[in-house]
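Structure data follow from start18.pdb (PDB, C-alpha atoms):
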```pdb
ATOM      1  CA  MET A 849      -4.214  -9.839 177.551
ATOM      2  CA  ILE A 850      -4.863 -12.935 175.472
ATOM      3  CA  SER A 851      -6.162 -15.681 177.748
ATOM      4  CA  LEU A 852      -5.516 -19.317 177.044
ATOM      5  CA  HIS A 853      -7.449 -22.388 178.142
ATOM      6  CA  GLU A 854      -6.046 -24.544 180.921
ATOM      7  CA  THR A 855      -4.680 -27.200 178.594
ATOM      8  CA  GLU A 856      -3.647 -24.740 175.890
ATOM      9  CA  HIS A 857      -0.130 -23.574 175.110
ATOM     10  CA  ILE A 858       1.357 -21.325 172.428
ATOM     11  CA  VAL A 859       3.261 -23.091 169.668
ATOM     12  CA  LEU A 860       3.964 -20.298 167.210
ATOM     13  CA  VAL A 861       3.544 -16.501 167.099
ATOM     14  CA  LYS A 862       3.625 -14.838 163.684
ATOM     15  CA  ARG A 863       3.692 -11.202 162.635
ATOM     16  CA  ARG A 864       4.068  -9.545 159.273
ATOM     17  CA  HIS A 865       7.552  -9.760 157.765
ATOM     18  CA  PRO A 866       9.832  -6.815 158.742
ATOM     19  CA  VAL A 867      10.150  -5.935 155.037
ATOM     20  CA  TYR A 868       6.524  -4.800 155.204
ATOM     21  CA  LEU A 869       7.427  -2.448 158.072
ATOM     22  CA  VAL A 870      10.473  -1.072 156.243
ATOM     23  CA  ILE A 871       8.546  -0.465 152.996
ATOM     24  CA  GLY A 872       5.813   1.368 154.891
ATOM     25  CA  LEU A 873       8.112   3.414 157.106
ATOM     26  CA  VAL A 874      10.761   4.525 154.572
ATOM     27  CA  PRO A 875       8.660   7.221 152.804
ATOM     28  CA  ILE A 876       7.365   8.592 156.124
ATOM     29  CA  ALA A 877      10.864   8.578 157.649
ATOM     30  CA  ALA A 878      12.269  10.332 154.566
ATOM     31  CA  ALA A 879       9.645  13.075 154.836
ATOM     32  CA  PHE A 880      10.299  13.336 158.585
ATOM     33  CA  LEU A 881      14.058  13.785 158.083
ATOM     34  CA  ALA A 882      13.472  16.279 155.257
ATOM     35  CA  PHE A 883      11.242  18.380 157.542
ATOM     36  CA  LEU A 884      13.853  18.343 160.301
ATOM     37  CA  ALA A 885      16.633  19.294 157.873
ATOM     38  CA  LEU A 886      14.565  22.139 156.414
ATOM     39  CA  ALA A 887      13.672  23.369 159.900
ATOM     40  CA  GLY A 888      17.356  23.385 160.842
ATOM     41  CA  TYR A 889      18.244  25.216 157.643
ATOM     42  CA  ALA A 890      15.528  27.837 158.190
ATOM     43  CA  LEU A 891      16.725  28.347 161.755
ATOM     44  CA  ILE A 892      20.433  28.590 161.003
ATOM     45  CA  ALA A 893      20.601  30.178 157.555
ATOM     46  CA  GLY A 894      17.476  32.280 157.963
ATOM     47  CA  ILE A 895      14.976  32.830 155.204
ATOM     48  CA  SER A 896      12.871  35.683 153.943
ATOM     49  CA  ILE A 897       9.185  35.461 153.181
ATOM     50  CA  PRO A 898       8.230  36.602 149.644
ATOM     51  CA  GLU A 899       6.292  39.868 149.459
ATOM     52  CA  ARG A 900       3.321  38.197 147.788
ATOM     53  CA  VAL A 901       2.916  35.909 150.778
ATOM     54  CA  ILE A 902       3.186  38.862 153.149
ATOM     55  CA  GLU A 903       0.465  40.654 151.171
ATOM     56  CA  LEU A 904      -1.777  37.648 151.720
ATOM     57  CA  PHE A 905      -0.802  37.206 155.395
ATOM     58  CA  PRO A 906       0.226  40.644 156.721
ATOM     59  CA  PHE A 907       0.900  39.322 160.232
ATOM     60  CA  LEU A 908       3.993  37.489 158.852
ATOM     61  CA  GLU A 909       5.766  40.824 158.414
ATOM     62  CA  ALA A 910       6.207  41.171 162.157
ATOM     63  CA  VAL A 911       7.662  37.687 162.800
ATOM     64  CA  ASP A 912      11.081  36.166 162.316
ATOM     65  CA  ALA A 913      10.551  34.169 159.121
ATOM     66  CA  GLY A 914      13.223  31.572 159.930
ATOM     67  CA  LEU A 915      11.788  30.885 163.368
ATOM     68  CA  PHE A 916       8.240  30.764 162.042
ATOM     69  CA  VAL A 917       9.090  28.246 159.292
ATOM     70  CA  ALA A 918      11.159  26.154 161.728
ATOM     71  CA  PHE A 919       8.232  26.064 164.167
ATOM     72  CA  VAL A 920       5.723  24.978 161.512
ATOM     73  CA  LEU A 921       8.103  22.312 160.166
ATOM     74  CA  SER A 922       8.836  20.981 163.662
ATOM     75  CA  LEU A 923       5.099  20.606 164.266
ATOM     76  CA  ALA A 924       4.772  18.764 160.951
ATOM     77  CA  ALA A 925       7.686  16.504 161.927
ATOM     78  CA  LEU A 926       5.985  15.842 165.266
ATOM     79  CA  LEU A 927       2.807  14.753 163.489
ATOM     80  CA  LEU A 928       4.787  12.498 161.131
ATOM     81  CA  TRP A 929       6.444  10.932 164.166
ATOM     82  CA  GLN A 930       2.970  10.034 165.462
ATOM     83  CA  VAL A 931       2.097   8.525 162.074
ATOM     84  CA  MET A 932       5.193   6.334 162.391
ATOM     85  CA  LEU A 933       4.083   5.351 165.893
ATOM     86  CA  VAL A 934       0.657   4.290 164.617
ATOM     87  CA  PHE A 935       2.322   2.301 161.819
ATOM     88  CA  ALA A 936       4.621   0.550 164.302
ATOM     89  CA  VAL A 937       1.684  -0.166 166.637
ATOM     90  CA  ALA A 938      -0.324  -1.616 163.747
ATOM     91  CA  PHE A 939       2.647  -3.766 162.742
ATOM     92  CA  TYR A 940       3.102  -5.053 166.270
ATOM     93  CA  LEU A 941      -0.585  -5.661 166.933
ATOM     94  CA  ASP A 942      -1.283  -7.557 163.715
ATOM     95  CA  CYS A 943      -0.495 -10.893 165.236
ATOM     96  CA  TRP A 944      -1.354 -14.521 164.562
ATOM     97  CA  ILE A 945      -0.909 -17.094 167.284
ATOM     98  CA  ILE A 946      -1.027 -20.852 166.765
ATOM     99  CA  THR A 947      -1.693 -22.863 169.895
ATOM    100  CA  ASN A 948      -2.203 -26.585 170.334
ATOM    101  CA  GLU A 949      -5.993 -25.996 170.254
ATOM    102  CA  ARG A 950      -6.689 -23.072 167.913
ATOM    103  CA  ALA A 951      -5.387 -20.240 165.784
ATOM    104  CA  ILE A 952      -5.855 -16.725 167.204
ATOM    105  CA  HIS A 953      -5.855 -13.611 165.086
ATOM    106  CA  THR A 954      -5.662 -10.046 166.351
ATOM    107  CA  GLU A 955      -5.567  -7.165 163.905
ATOM    108  CA  LEU A 956      -5.531  -3.384 164.200
ATOM    109  CA  HIS A 957      -7.461  -2.051 161.191
ATOM    110  CA  ALA A 958      -7.179   1.569 162.325
ATOM    111  CA  LEU A 959      -6.366   3.353 165.557
ATOM    112  CA  PHE A 960      -9.960   2.957 166.732
ATOM    113  CA  SER A 961     -10.721  -0.339 165.018
ATOM    114  CA  ARG A 962      -9.313  -3.605 166.268
ATOM    115  CA  SER A 963     -10.552  -7.164 165.941
ATOM    116  CA  THR A 964      -9.607 -10.403 167.642
ATOM    117  CA  SER A 965     -10.856 -13.784 166.472
ATOM    118  CA  SER A 966      -9.945 -17.403 166.951
ATOM    119  CA  ILE A 967     -10.633 -20.615 165.141
ATOM    120  CA  SER A 968     -10.501 -24.065 166.630
ATOM    121  CA  HIS A 969      -8.344 -26.584 164.774
ATOM    122  CA  ASP A 970     -11.312 -28.860 164.102
ATOM    123  CA  LYS A 971     -13.022 -26.034 162.161
ATOM    124  CA  ILE A 972     -10.188 -25.717 159.631
ATOM    125  CA  GLN A 973     -11.034 -27.289 156.305
ATOM    126  CA  ASP A 974      -8.383 -25.977 153.989
ATOM    127  CA  VAL A 975      -4.928 -24.430 154.366
ATOM    128  CA  THR A 976      -3.418 -22.394 151.536
ATOM    129  CA  VAL A 977      -0.038 -20.699 151.241
ATOM    130  CA  ASP A 978       0.124 -17.745 148.856
ATOM    131  CA  VAL A 979       3.561 -16.298 148.088
ATOM    132  CA  HIS A 980       2.934 -13.740 145.389
ATOM    133  CA  GLY A 981       5.412 -11.221 143.930
ATOM    134  CA  ILE A 982       9.141 -10.579 143.723
ATOM    135  CA  LEU A 983       9.799  -9.337 147.265
ATOM    136  CA  PRO A 984       7.761 -12.085 148.963
ATOM    137  CA  THR A 985       9.596 -14.705 146.918
ATOM    138  CA  ILE A 986      13.036 -13.256 147.714
ATOM    139  CA  PHE A 987      12.369 -12.644 151.402
ATOM    140  CA  ARG A 988      10.184 -15.730 151.835
ATOM    141  CA  PHE A 989       7.005 -14.214 153.205
ATOM    142  CA  GLY A 990       3.391 -14.537 152.149
ATOM    143  CA  ASP A 991      -0.187 -15.216 153.166
ATOM    144  CA  LEU A 992      -1.445 -18.305 154.926
ATOM    145  CA  GLN A 993      -5.175 -18.745 154.391
ATOM    146  CA  LEU A 994      -7.314 -20.987 156.536
ATOM    147  CA  GLN A 995     -10.736 -21.854 155.141
ATOM    148  CA  THR A 996     -13.089 -22.579 157.996
ATOM    149  CA  ALA A 997     -15.978 -24.978 158.143
ATOM    150  CA  GLY A 998     -18.436 -22.203 158.927
ATOM    151  CA  ALA A 999     -20.260 -20.438 156.077
ATOM    152  CA  PHE A1000     -17.642 -18.543 154.025
ATOM    153  CA  ARG A1001     -15.032 -17.358 156.468
ATOM    154  CA  VAL A1002     -11.420 -17.198 155.462
ATOM    155  CA  PHE A1003      -8.871 -16.640 158.181
ATOM    156  CA  THR A1004      -5.762 -15.062 156.631
ATOM    157  CA  MET A1005      -2.341 -14.673 158.200
ATOM    158  CA  LYS A1006      -1.050 -11.812 156.087
ATOM    159  CA  GLN A1007       2.524 -11.440 154.854
ATOM    160  CA  ILE A1008       3.978 -13.665 157.544
ATOM    161  CA  ASP A1009       7.546 -14.873 157.585
ATOM    162  CA  ASP A1010       8.031 -18.422 156.265
ATOM    163  CA  PRO A1011       4.354 -19.317 155.717
ATOM    164  CA  HIS A1012       5.269 -22.854 154.629
ATOM    165  CA  ASN A1013       6.722 -23.601 158.048
ATOM    166  CA  ALA A1014       3.670 -22.030 159.708
ATOM    167  CA  LYS A1015       1.424 -24.270 157.611
ATOM    168  CA  HIS A1016       3.471 -27.299 158.564
ATOM    169  CA  VAL A1017       3.199 -26.450 162.271
ATOM    170  CA  LEU A1018      -0.511 -25.686 161.964
ATOM    171  CA  LEU A1019      -1.309 -28.978 160.276
ATOM    172  CA  GLN A1020       0.779 -30.851 162.823
ATOM    173  CA  MET A1021      -1.127 -29.159 165.650
ATOM    174  CA  ARG A1022      -4.416 -29.881 163.930
ATOM    175  CA  ARG A1023      -3.492 -33.537 163.547
ATOM    176  CA  ASP A1024      -2.574 -33.780 167.240
ATOM    177  CA  TYR A1025      -5.731 -31.913 168.239
ATOM    178  CA  LEU A1026      -8.018 -34.206 166.247
ATOM    179  CA  ARG A1027      -6.258 -37.239 167.645
ATOM    180  CA  HIS A1028      -7.298 -36.132 171.116
ATOM    181  CA  HIS A1029     -10.669 -34.710 170.041
ATOM    182  CA  PRO A1030     -11.852 -37.063 167.268
ATOM    183  CA  SER A1031     -14.535 -35.201 165.367
ATOM    184  CA  GLY A1032     -13.232 -35.144 161.816
ATOM    185  CA  THR A1033     -10.399 -36.126 159.544
ATOM    186  CA  VAL A1034      -7.091 -34.425 158.892
ATOM    187  CA  PRO A1035      -6.153 -32.710 155.585
ATOM    188  CA  GLU A1036      -3.166 -34.130 153.773
ATOM    189  CA  GLU A1037      -0.113 -31.962 154.090
ATOM    190  CA  GLY A1038       1.581 -30.905 150.866
ATOM    191  CA  VAL A1039      -1.639 -30.122 149.015
ATOM    192  CA  SER A1040      -1.705 -26.443 149.428
ATOM    193  CA  SER A1041      -0.037 -23.693 147.493
ATOM    194  CA  GLN A1042      -2.315 -21.384 145.521
ATOM    195  CA  PRO A1043      -5.133 -23.585 144.304
ATOM    196  CA  SER A1044      -6.525 -22.283 141.053
ATOM    197  CA  SER A1045      -9.991 -23.530 141.827
ATOM    198  CA  PRO A1046     -11.797 -24.683 144.968
ATOM    199  CA  ASP A1047     -11.621 -28.261 143.747
ATOM    200  CA  GLU A1048      -7.830 -28.188 143.763
ATOM    201  CA  SER A1049      -7.494 -26.968 147.305
ATOM    202  CA  SER A1050      -6.631 -29.324 150.098
ATOM    203  CA  GLY A1051      -9.960 -30.421 151.456
ATOM    204  CA  GLU A1052     -10.359 -32.588 154.445
ATOM    205  CA  ARG A1053     -12.428 -35.232 152.723
TER     206      ARG A1053
ATOM    207  CA  MET B1417      -0.851  35.719 165.877
ATOM    208  CA  GLU B1418       0.929  34.349 168.944
ATOM    209  CA  ALA B1419      -2.434  33.115 170.207
ATOM    210  CA  ILE B1420      -3.036  31.229 166.967
ATOM    211  CA  LEU B1421       0.372  29.553 167.087
ATOM    212  CA  PHE B1422      -0.063  28.710 170.761
ATOM    213  CA  THR B1423      -3.499  27.202 170.038
ATOM    214  CA  LEU B1424      -1.941  25.208 167.195
ATOM    215  CA  LEU B1425       0.674  23.764 169.541
ATOM    216  CA  ILE B1426      -1.959  22.891 172.147
ATOM    217  CA  ALA B1427      -4.155  21.230 169.474
ATOM    218  CA  VAL B1428      -1.234  19.096 168.289
ATOM    219  CA  GLY B1429      -0.506  18.220 171.927
ATOM    220  CA  ILE B1430      -4.084  17.056 172.490
ATOM    221  CA  PHE B1431      -3.985  15.002 169.285
ATOM    222  CA  ILE B1432      -0.766  13.338 170.458
ATOM    223  CA  LEU B1433      -2.321  12.627 173.839
ATOM    224  CA  VAL B1434      -5.284  10.873 172.204
ATOM    225  CA  VAL B1435      -2.985   8.792 169.973
ATOM    226  CA  TRP B1436      -0.895   7.730 172.966
ATOM    227  CA  VAL B1437      -3.875   6.818 175.150
ATOM    228  CA  VAL B1438      -5.378   4.658 172.390
ATOM    229  CA  ALA B1439      -2.025   3.061 171.512
ATOM    230  CA  SER B1440      -1.382   2.229 175.174
ATOM    231  CA  TYR B1441      -4.854   0.715 175.462
ATOM    232  CA  HIS B1442      -4.200  -1.513 172.452
ATOM    233  CA  PHE B1443      -0.776  -2.566 173.717
ATOM    234  CA  ARG B1444      -2.172  -3.624 177.063
ATOM    235  CA  GLY B1445      -4.674  -5.830 175.248
ATOM    236  CA  LEU B1446      -1.977  -7.876 173.559
ATOM    237  CA  GLU B1447       0.270  -9.319 176.192
ATOM    238  CA  ILE B1448       1.042 -12.799 174.980
ATOM    239  CA  PRO B1449       1.771 -15.267 177.784
ATOM    240  CA  GLY B1450       5.382 -16.477 177.699
ATOM    241  CA  GLN B1451       6.468 -14.012 175.030
ATOM    242  CA  GLU B1452       8.940 -11.141 175.332
ATOM    243  CA  ASP B1453       7.065  -7.846 175.527
ATOM    244  CA  VAL B1454       8.604  -5.790 172.721
ATOM    245  CA  SER B1455       5.904  -3.160 173.034
ATOM    246  CA  LYS B1456       7.718  -1.436 175.919
ATOM    247  CA  LYS B1457      10.775  -0.849 173.733
ATOM    248  CA  ILE B1458       8.624   0.553 170.912
ATOM    249  CA  VAL B1459       6.771   2.822 173.333
ATOM    250  CA  ARG B1460      10.021   4.023 174.926
ATOM    251  CA  VAL B1461      11.605   5.005 171.594
ATOM    252  CA  PHE B1462       8.519   6.850 170.397
ATOM    253  CA  ALA B1463       7.906   8.490 173.781
ATOM    254  CA  ILE B1464      11.432   9.933 173.828
ATOM    255  CA  GLY B1465      11.056  11.139 170.233
ATOM    256  CA  THR B1466       7.678  12.707 170.936
ATOM    257  CA  GLY B1467       8.969  14.458 174.054
ATOM    258  CA  VAL B1468      12.016  15.880 172.301
ATOM    259  CA  LEU B1469      10.082  17.075 169.252
ATOM    260  CA  PHE B1470       7.340  18.642 171.349
ATOM    261  CA  ALA B1471       9.927  20.405 173.513
ATOM    262  CA  VAL B1472      11.688  21.729 170.403
ATOM    263  CA  SER B1473       8.377  23.038 169.043
ATOM    264  CA  ALA B1474       7.552  24.684 172.368
ATOM    265  CA  ILE B1475      11.000  26.316 172.542
ATOM    266  CA  LEU B1476      10.673  27.612 168.979
ATOM    267  CA  LEU B1477       7.252  29.041 169.807
ATOM    268  CA  ALA B1478       8.630  30.686 172.926
ATOM    269  CA  MET B1479      11.475  32.214 170.882
ATOM    270  CA  LEU B1480       8.942  33.400 168.318
ATOM    271  CA  ILE B1481       6.710  35.023 170.910
ATOM    272  CA  LEU B1482       9.455  36.525 173.060
TER     273      LEU B1482
END
```
Can the structure in the file be given as structure tokens, please?
Amino acid sequence: MISLHETEHIVLVKRRHPVYLVIGLVPIAAAFLAFLALAGYALIAGISIPERVIELFPFLEAVDAGLFVAFVLSLAALLLWQVMLVFAVAFYLDCWIITNERAIHTELHALFSRSTSSISHDKIQDVTVDVHGILPTIFRFGDLQLQTAGAFRVFTMKQIDDPHNAKHVLLQMRRDYLRHHPSGTVPEEGVSSQPSSPDESSGER
Amino acid sequence: MEAILFTLLIAVGIFILVVWVVASYHFRGLEIPGQEDVSKKIVRVFAIGTGVLFAVSAILLAMLIL
């Protein structure tokens, strides 16, 4: 469970846009349905195994070909179902949380690889919105990049819904945070989208 | 041959078990205070699907063997 500080509260929770989930799941779901349909067909209509295959695998001569194919396809469908589960888990666990004190990022890179990091608002130096491509423009999703004060780290909220609003909220929270914890200055809002060089990005000074 | 198919089913079952244990572990790690827990709905849908598909595979194997 993500633990918050005593004075901290969640302002915004962002995940990838559902379009990302649909695009990723459609090919897997199509294959899954095709396997199920083929298994049903093999079971109902019955099929015969070619003689060449039987010559290679003699044990197939003794089995019901329709049942055998249906069994193999149902196992394949079962495995594809697990792939869809992992995809859904990854979608759900890639999460960016903006609180009144920091931005928290949790990401599932693979089933056995997960990272969680957070960045305090006073460490943010630059905020960039990157909406790139036809689908992101139509469905209004994109990346929100936070350049931190430390070394070279870039904290990226990937393919989130309405990144401009997220940026607005983030900068507002940062402004409020620095007002209560004066340790730096606040970047000007509106200087953001896709800087072509570091000099054009919205710096804090 | 029945032994091979049975072993195949058991191997897939073990793989599924590992995936579910890891997925559950990850889900427990991301309970966001004050937010609706959608993970239970996701888990329920996939658990039902996994159970049904595994049962179908087991039945087909039983029909194949018997």
Would you kindly return, as a count of residues only, each protein, DNA or RNA residue with an atom no farther than 8 Å from any atom of B:Phe1443, considering all atoms listed in the file and excluding same-chain residues fewer than 6 positions away? 3
Closest-contact table, stretch 908-957 of chain A side, partner stretch 876-879 of chain A, 10 Å, counting all atoms listed in the file, as CSV:
```
residue,atom,partner,partner_atom,distance
A:Ala924,CA,A:Ala879,CA,9.7
A:Ala925,CA,A:Ala879,CA,8.1
A:Leu928,CA,A:Ile876,CA,6.9
A:Trp929,CA,A:Ala877,CA,8.2
A:Val931,CA,A:Ile876,CA,7.9
A:Met932,CA,A:Ile876,CA,7.0
A:Phe935,CA,A:Ile876,CA,9.9
```
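This file gives the following result for the PyMOL selection byres ((chain A) within 8 of (chain B)): A:Met849, A:Ile850, A:Ser851, A:Phe907, A:Val911, A:Asp912, A:Leu915, A:Phe916, A:Ala918, A:Phe919, A:Ser922, A:Leu923, A:Ala925, A:Leu926, A:Leu927, A:Trp929, A:Gln930, A:Leu933, A:Val934, A:Ala936, A:Val937, A:Tyr940, A:Leu941, A:Leu959, A:Phe960.
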Dump as a PDB file, in the frame of the given file, selection limited to C-alpha atoms:
```pdb
ATOM      1  CA  MET A 849      -4.214  -9.839 177.551  1.00  0.00           C
ATOM      2  CA  ILE A 850      -4.863 -12.935 175.472  1.00  0.00           C
ATOM      3  CA  SER A 851      -6.162 -15.681 177.748  1.00  0.00           C
ATOM      4  CA  PHE A 907       0.900  39.322 160.232  1.00  0.00           C
ATOM      5  CA  VAL A 911       7.662  37.687 162.800  1.00  0.00           C
ATOM      6  CA  ASP A 912      11.081  36.166 162.316  1.00  0.00           C
ATOM      7  CA  LEU A 915      11.788  30.885 163.368  1.00  0.00           C
ATOM      8  CA  PHE A 916       8.240  30.764 162.042  1.00  0.00           C
ATOM      9  CA  ALA A 918      11.159  26.154 161.728  1.00  0.00           C
ATOM     10  CA  PHE A 919       8.232  26.064 164.167  1.00  0.00           C
ATOM     11  CA  SER A 922       8.836  20.981 163.662  1.00  0.00           C
ATOM     12  CA  LEU A 923       5.099  20.606 164.266  1.00  0.00           C
ATOM     13  CA  ALA A 925       7.686  16.504 161.927  1.00  0.00           C
ATOM     14  CA  LEU A 926       5.985  15.842 165.266  1.00  0.00           C
ATOM     15  CA  LEU A 927       2.807  14.753 163.489  1.00  0.00           C
ATOM     16  CA  TRP A 929       6.444  10.932 164.166  1.00  0.00           C
ATOM     17  CA  GLN A 930       2.970  10.034 165.462  1.00  0.00           C
ATOM     18  CA  LEU A 933       4.083   5.351 165.893  1.00  0.00           C
ATOM     19  CA  VAL A 934       0.657   4.290 164.617  1.00  0.00           C
ATOM     20  CA  ALA A 936       4.621   0.550 164.302  1.00  0.00           C
ATOM     21  CA  VAL A 937       1.684  -0.166 166.637  1.00  0.00           C
ATOM     22  CA  TYR A 940       3.102  -5.053 166.270  1.00  0.00           C
ATOM     23  CA  LEU A 941      -0.585  -5.661 166.933  1.00  0.00           C
ATOM     24  CA  LEU A 959      -6.366   3.353 165.557  1.00  0.00           C
ATOM     25  CA  PHE A 960      -9.960   2.957 166.732  1.00  0.00           C
TER      26      PHE A 960
END
```
To one decimal place, how far is atom CA of A:Pro906 from atom CA of A:Leu891 in Å? 21.2 Å
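Here atom CA of A:Thr996 and atom CA of A:Ile967 stand 7.8 Å from one another.
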Just give me the gap between atom CA of B:Leu1433 and atom CA of A:Gly888 in Å, one decimal is fine. 25.9 Å
Please identify all polymer residues lying at most 12 Å from the point (5.7, -4.0, 155.6) (file coordinates), using all atoms listed in the file, and present the result as a VMD selection string. chain A and resid 863 to 875 935 to 936 938 to 940 942 983 to 984 987 989 to 990 1006 to 1009
Taking the file as I've supplied it (selection: the PyMOL selection byres ((chain A and resi 862) around 6)), which residues are included? Please answer as a VMD selection string. chain A and resid 861 863 943 to 944
Residues within 9 Å of (-6.1, -19.6, 163.2), file coordinates, counting only C-alpha atoms: what are they? Give the list as a list in words.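 Residues with an atom at most 9 Å from (-6.1, -19.6, 163.2): Trp944, Ile945, Ile946, Thr947, Arg950, Ala951, Ile952, His953, Ser965, Ser966, Ile967, Ser968, His969, Ile972, Gln993, Leu994, Phe1003, Thr1004, Met1005 and Leu1018 of chain A.
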Quick one: 6 Å padding each side, axis-aligned, all listed atoms of stretch 972-979 of chain A - centre and edge lengths in Å to one decimal, as lines of an AutoDock Vina configuration file?
```
center_x = -3.7
center_y = -21.8
center_z = 153.9
size_x = 26.6
size_y = 23.0
size_z = 23.5
```
On this file, the PyMOL selection byres ((chain A and resi 1012) around 12) gives some set of residues; write that set as a ChimeraX atom specification. /A:975-979,988-993,1005,1007-1011,1013-1019,1037-1042
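Using only C-alpha atoms, the residues found no farther than 8 Å from A:Arg1022, other than those of its own chain fewer than 4 positions away, are Asn948, Glu949, His969, Asp970, Leu1018, Leu1026 and Val1034 of chain A.
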Incomplete stretch 1429-1445 of chain B filled out to N, CA, C and O atoms as a PDB file, in the frame of the given file:
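Saved file selection.pdb follows:
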```pdb
ATOM      1  N   GLY B1429      -0.739  18.933 170.662  1.00  0.00           N
ATOM      2  CA  GLY B1429      -0.506  18.220 171.927  1.00  0.00           C
ATOM      3  C   GLY B1429      -1.674  17.340 172.311  1.00  0.00           C
ATOM      4  O   GLY B1429      -1.490  16.184 172.721  1.00  0.00           O
ATOM      5  N   ILE B1430      -2.883  17.846 172.155  1.00  0.00           N
ATOM      6  CA  ILE B1430      -4.084  17.056 172.490  1.00  0.00           C
ATOM      7  C   ILE B1430      -4.206  15.856 171.544  1.00  0.00           C
ATOM      8  O   ILE B1430      -4.505  14.736 171.978  1.00  0.00           O
ATOM      9  N   PHE B1431      -3.940  16.093 170.265  1.00  0.00           N
ATOM     10  CA  PHE B1431      -3.985  15.002 169.285  1.00  0.00           C
ATOM     11  C   PHE B1431      -3.003  13.889 169.676  1.00  0.00           C
ATOM     12  O   PHE B1431      -3.334  12.697 169.663  1.00  0.00           O
ATOM     13  N   ILE B1432      -1.794  14.309 170.056  1.00  0.00           N
ATOM     14  CA  ILE B1432      -0.766  13.338 170.458  1.00  0.00           C
ATOM     15  C   ILE B1432      -1.224  12.557 171.688  1.00  0.00           C
ATOM     16  O   ILE B1432      -1.057  11.339 171.770  1.00  0.00           O
ATOM     17  N   LEU B1433      -1.840  13.270 172.609  1.00  0.00           N
ATOM     18  CA  LEU B1433      -2.321  12.627 173.839  1.00  0.00           C
ATOM     19  C   LEU B1433      -3.336  11.534 173.510  1.00  0.00           C
ATOM     20  O   LEU B1433      -3.274  10.412 174.048  1.00  0.00           O
ATOM     21  N   VAL B1434      -4.261  11.848 172.601  1.00  0.00           N
ATOM     22  CA  VAL B1434      -5.284  10.873 172.204  1.00  0.00           C
ATOM     23  C   VAL B1434      -4.625   9.644 171.555  1.00  0.00           C
ATOM     24  O   VAL B1434      -4.932   8.495 171.899  1.00  0.00           O
ATOM     25  N   VAL B1435      -3.681   9.899 170.645  1.00  0.00           N
ATOM     26  CA  VAL B1435      -2.985   8.792 169.973  1.00  0.00           C
ATOM     27  C   VAL B1435      -2.294   7.895 170.996  1.00  0.00           C
ATOM     28  O   VAL B1435      -2.396   6.663 170.940  1.00  0.00           O
ATOM     29  N   TRP B1436      -1.641   8.509 171.970  1.00  0.00           N
ATOM     30  CA  TRP B1436      -0.895   7.730 172.966  1.00  0.00           C
ATOM     31  C   TRP B1436      -1.812   6.935 173.887  1.00  0.00           C
ATOM     32  O   TRP B1436      -1.506   5.806 174.253  1.00  0.00           O
ATOM     33  N   VAL B1437      -2.935   7.536 174.274  1.00  0.00           N
ATOM     34  CA  VAL B1437      -3.875   6.818 175.150  1.00  0.00           C
ATOM     35  C   VAL B1437      -4.416   5.589 174.419  1.00  0.00           C
ATOM     36  O   VAL B1437      -4.450   4.476 174.973  1.00  0.00           O
ATOM     37  N   VAL B1438      -4.821   5.771 173.156  1.00  0.00           N
ATOM     38  CA  VAL B1438      -5.378   4.658 172.390  1.00  0.00           C
ATOM     39  C   VAL B1438      -4.316   3.584 172.136  1.00  0.00           C
ATOM     40  O   VAL B1438      -4.562   2.383 172.291  1.00  0.00           O
ATOM     41  N   ALA B1439      -3.108   4.024 171.776  1.00  0.00           N
ATOM     42  CA  ALA B1439      -2.025   3.061 171.512  1.00  0.00           C
ATOM     43  C   ALA B1439      -1.699   2.261 172.778  1.00  0.00           C
ATOM     44  O   ALA B1439      -1.509   1.043 172.713  1.00  0.00           O
ATOM     45  N   SER B1440      -1.666   2.926 173.914  1.00  0.00           N
ATOM     46  CA  SER B1440      -1.382   2.229 175.174  1.00  0.00           C
ATOM     47  C   SER B1440      -2.476   1.220 175.490  1.00  0.00           C
ATOM     48  O   SER B1440      -2.204   0.103 175.946  1.00  0.00           O
ATOM     49  N   TYR B1441      -3.716   1.606 175.229  1.00  0.00           N
ATOM     50  CA  TYR B1441      -4.854   0.715 175.462  1.00  0.00           C
ATOM     51  C   TYR B1441      -4.711  -0.556 174.613  1.00  0.00           C
ATOM     52  O   TYR B1441      -4.896  -1.676 175.086  1.00  0.00           O
ATOM     53  N   HIS B1442      -4.355  -0.363 173.338  1.00  0.00           N
ATOM     54  CA  HIS B1442      -4.200  -1.513 172.452  1.00  0.00           C
ATOM     55  C   HIS B1442      -3.045  -2.404 172.902  1.00  0.00           C
ATOM     56  O   HIS B1442      -3.138  -3.624 172.877  1.00  0.00           O
ATOM     57  N   PHE B1443      -1.945  -1.789 173.300  1.00  0.00           N
ATOM     58  CA  PHE B1443      -0.776  -2.566 173.717  1.00  0.00           C
ATOM     59  C   PHE B1443      -1.085  -3.433 174.934  1.00  0.00           C
ATOM     60  O   PHE B1443      -0.654  -4.566 175.023  1.00  0.00           O
ATOM     61  N   ARG B1444      -1.845  -2.853 175.864  1.00  0.00           N
ATOM     62  CA  ARG B1444      -2.172  -3.624 177.063  1.00  0.00           C
ATOM     63  C   ARG B1444      -3.015  -4.851 176.731  1.00  0.00           C
ATOM     64  O   ARG B1444      -2.997  -5.833 177.433  1.00  0.00           O
ATOM     65  N   GLY B1445      -3.780  -4.739 175.636  1.00  0.00           N
ATOM     66  CA  GLY B1445      -4.674  -5.830 175.248  1.00  0.00           C
ATOM     67  C   GLY B1445      -3.961  -6.989 174.582  1.00  0.00           C
ATOM     68  O   GLY B1445      -4.538  -8.027 174.354  1.00  0.00           O
TER      69      GLY B1445
END
```
